[in-house]
>>> print(open('entry-v3.cif').read())   # mmCIF, C-alpha atoms
data_final
loop_
_atom_site.label_atom_id
_atom_site.label_comp_id
_atom_site.auth_asym_id
_atom_site.auth_seq_id
_atom_site.Cartn_x
_atom_site.Cartn_y
_atom_site.Cartn_z
CA MET A 3 -141.76 22.42 -157.57
CA THR A 4 -143.06 25.83 -158.54
CA ALA A 5 -140.89 28.72 -159.68
CA ILE A 6 -141.40 30.50 -156.36
CA GLU A 7 -140.34 27.44 -154.37
CA GLN A 8 -137.23 27.03 -156.52
CA TYR A 9 -136.44 30.72 -156.07
CA LEU A 10 -136.70 30.36 -152.27
CA VAL A 11 -134.41 27.33 -152.30
CA ASP A 12 -131.88 29.17 -154.48
CA THR A 13 -132.07 32.26 -152.26
CA ALA A 14 -131.43 30.20 -149.12
CA ARG A 15 -128.51 28.45 -150.83
CA ALA A 16 -127.06 31.80 -151.92
CA ALA A 17 -127.34 33.15 -148.36
CA ARG A 18 -125.55 30.06 -147.01
CA HIS A 19 -122.71 30.46 -149.51
CA ARG A 20 -122.62 34.24 -149.12
CA VAL A 21 -123.15 34.95 -152.81
CA PRO A 22 -125.68 37.39 -154.33
CA PRO A 23 -129.22 36.00 -154.55
CA PRO A 24 -130.71 35.13 -157.94
CA PRO A 25 -133.20 37.52 -159.57
CA PRO A 26 -136.83 36.84 -158.68
CA PRO A 27 -138.88 34.87 -161.22
CA GLY A 28 -140.61 36.97 -163.84
CA GLN A 29 -138.26 39.92 -163.52
CA GLY A 30 -137.02 39.70 -167.12
CA ASP A 31 -140.29 38.69 -168.78
CA LEU A 32 -140.95 42.02 -170.48
CA ALA A 33 -137.39 42.27 -171.72
CA ALA A 34 -137.67 38.77 -173.18
CA LEU A 35 -140.92 39.65 -174.96
CA ARG A 36 -139.40 42.83 -176.36
CA SER A 37 -136.37 40.94 -177.66
CA LEU A 38 -138.64 38.39 -179.34
CA ARG A 39 -140.61 41.17 -180.99
CA THR A 40 -137.41 42.85 -182.19
CA ARG A 41 -136.08 39.57 -183.55
CA ARG A 42 -139.35 38.85 -185.37
CA ARG A 43 -139.33 42.27 -186.99
CA PHE A 44 -135.66 41.95 -187.94
CA ARG A 45 -136.28 38.54 -189.54
CA ALA A 46 -139.22 39.98 -191.47
CA VAL A 47 -137.06 42.76 -192.90
CA THR A 48 -134.19 40.42 -193.82
CA ASP A 49 -136.68 38.04 -195.50
CA GLY A 50 -138.12 40.90 -197.55
CA ARG A 51 -141.47 41.04 -195.78
CA PRO A 52 -142.96 44.12 -194.14
CA ALA A 53 -142.11 44.39 -190.45
CA THR A 54 -145.67 45.37 -189.54
CA GLY A 55 -148.47 43.05 -188.63
CA PRO A 56 -151.27 42.58 -186.14
CA GLY A 57 -148.92 43.15 -183.21
CA ALA A 58 -147.05 46.11 -184.66
CA GLY A 59 -147.66 49.66 -183.62
CA ARG A 60 -148.00 51.39 -180.31
CA TYR A 61 -151.09 49.56 -179.05
CA GLY A 62 -150.99 46.44 -181.22
CA TRP A 63 -149.94 44.25 -178.32
CA LEU A 64 -152.94 45.46 -176.34
CA ARG A 65 -155.29 44.48 -179.15
CA LEU A 66 -153.68 41.03 -179.38
CA TRP A 67 -153.92 40.62 -175.59
CA ARG A 68 -157.62 41.47 -175.58
CA GLN A 69 -158.33 39.07 -178.44
CA ALA A 70 -156.49 36.25 -176.65
CA ARG A 71 -158.29 37.01 -173.40
CA GLN A 72 -161.66 36.91 -175.14
CA GLN A 73 -160.83 33.53 -176.66
CA LEU A 74 -159.67 32.09 -173.34
CA HIS A 75 -162.41 33.52 -171.13
CA ARG A 76 -165.58 32.61 -172.95
CA PRO A 77 -168.74 32.60 -170.84
CA ALA A 78 -169.54 29.28 -169.23
CA PRO A 79 -172.39 27.24 -170.72
CA PRO A 80 -175.64 27.27 -168.75
CA PRO A 81 -176.02 24.50 -166.18
CA PRO A 82 -177.96 21.42 -167.29
CA LEU A 83 -181.62 21.26 -166.43
CA THR A 84 -182.28 18.90 -163.56
CA GLY A 85 -185.24 17.66 -161.62
CA ARG A 86 -188.01 20.21 -161.82
CA PRO A 87 -189.93 21.02 -165.02
CA ALA A 88 -190.52 24.60 -166.03
CA ALA A 89 -193.84 26.26 -165.30
CA PRO A 90 -196.36 26.04 -168.17
CA THR A 91 -196.67 29.09 -170.36
CA SER A 92 -200.34 28.69 -171.30
CA PRO A 93 -202.92 29.93 -168.78
CA GLU A 94 -205.27 26.96 -169.44
CA THR A 95 -202.91 24.37 -167.95
CA PRO A 96 -202.73 24.57 -164.16
CA TRP A 97 -199.28 24.34 -162.70
CA THR A 98 -198.60 21.77 -160.01
CA PRO A 99 -195.39 21.41 -158.08
CA TRP A 100 -193.21 18.45 -158.96
CA PRO A 101 -193.03 15.79 -157.55
CA PRO A 102 -196.70 15.74 -156.48
#
>>> encode(input="entry-v3.cif", output="C-alpha cells")
Amino acid sequence: MTAIEQYLVDTARAARHRVPPPPPPGQGDLAALRSLRTRRRFRAVTDGRPATGPGAGRYGWLRLWRQARQQLHRPAPPPPLTGRPAAPTSPETPWTPWPP
C-alpha cells in the first residue's frame, strides 16, 4: 500500500469517527530535514569538529542536490548494434544493402 492510499484510508476512518484528519504525507519533510541538519551541526560542535562542511552555507544543499542528481541521472548507454552493418567509409568499396 502506498503512502497516498494509507492516507486516504486514514482520512476516511477519521471522517467516520468524527476526528480531525491526519496530515497529508510529505507535509513535514522539510522540517525533518532541517532538524537533521541542526542535529548534525550540533553534534559536530560538541565533538570538537567544525560545523561546516559540503552541505553548510546558504546554497550548500543545492550543490549537494545537483551532485546527487548528476550521479543518479547519468546518460543511458547507446543501444547495441543489431542487424545492419554500417556503410563503408572508403570510396573504393561499393556499398550494398544487407541482406542482399
>>> atom_distance(input="entry-v3.cif", atom1="atom CA of Ala33 of chain A", atom2="atom CA of Ala70 of chain A")
20.6 Å
>>> atom_distance(input="entry-v3.cif", atom1="atom CA of Arg41 of chain A", atom2="atom CA of Ile6 of chain A")
29.2 Å
>>> closest_residue(input="entry-v3.cif", among="A:Gln72, A:Pro82, A:Pro27, A:Arg65", to="Tyr9 of chain A", atoms="all atoms listed in the file")
A:Pro27
>>> resolve_selection(input="entry-v3.cif", expression="the PyMOL selection byres ((chain A and resi 42) around 12)", output="mmCIF file with C-alpha atoms, in the frame of the given file")
data_model
loop_
_atom_site.group_PDB
_atom_site.id
_atom_site.type_symbol
_atom_site.label_atom_id
_atom_site.label_comp_id
_atom_site.auth_asym_id
_atom_site.auth_seq_id
_atom_site.Cartn_x
_atom_site.Cartn_y
_atom_site.Cartn_z
ATOM 1 C CA LEU A 35 -140.920 39.650 -174.960
ATOM 2 C CA ARG A 36 -139.400 42.830 -176.360
ATOM 3 C CA SER A 37 -136.370 40.940 -177.660
ATOM 4 C CA LEU A 38 -138.640 38.390 -179.340
ATOM 5 C CA ARG A 39 -140.610 41.170 -180.990
ATOM 6 C CA THR A 40 -137.410 42.850 -182.190
ATOM 7 C CA ARG A 41 -136.080 39.570 -183.550
ATOM 8 C CA ARG A 43 -139.330 42.270 -186.990
ATOM 9 C CA PHE A 44 -135.660 41.950 -187.940
ATOM 10 C CA ARG A 45 -136.280 38.540 -189.540
ATOM 11 C CA ALA A 46 -139.220 39.980 -191.470
ATOM 12 C CA VAL A 47 -137.060 42.760 -192.900
ATOM 13 C CA THR A 48 -134.190 40.420 -193.820
ATOM 14 C CA ASP A 49 -136.680 38.040 -195.500
ATOM 15 C CA ARG A 51 -141.470 41.040 -195.780
ATOM 16 C CA PRO A 52 -142.960 44.120 -194.140
ATOM 17 C CA ALA A 53 -142.110 44.390 -190.450
ATOM 18 C CA THR A 54 -145.670 45.370 -189.540
ATOM 19 C CA GLY A 55 -148.470 43.050 -188.630
ATOM 20 C CA GLY A 57 -148.920 43.150 -183.210
ATOM 21 C CA ALA A 58 -147.050 46.110 -184.660
#
>>> axis_aligned_box(input="entry-v3.cif", around="segment 32-37 of chain A", padding_each_side="4 Å", output="lines of an AutoDock Vina configuration file")
center_x = -138.7
center_y = 40.8
center_z = -174.1
size_x = 12.6
size_y = 12.1
size_z = 15.2
>>> atom_distance(input="entry-v3.cif", atom1="atom CA of Pro25 of chain A", atom2="atom CA of Arg68 of chain A")
29.5 Å
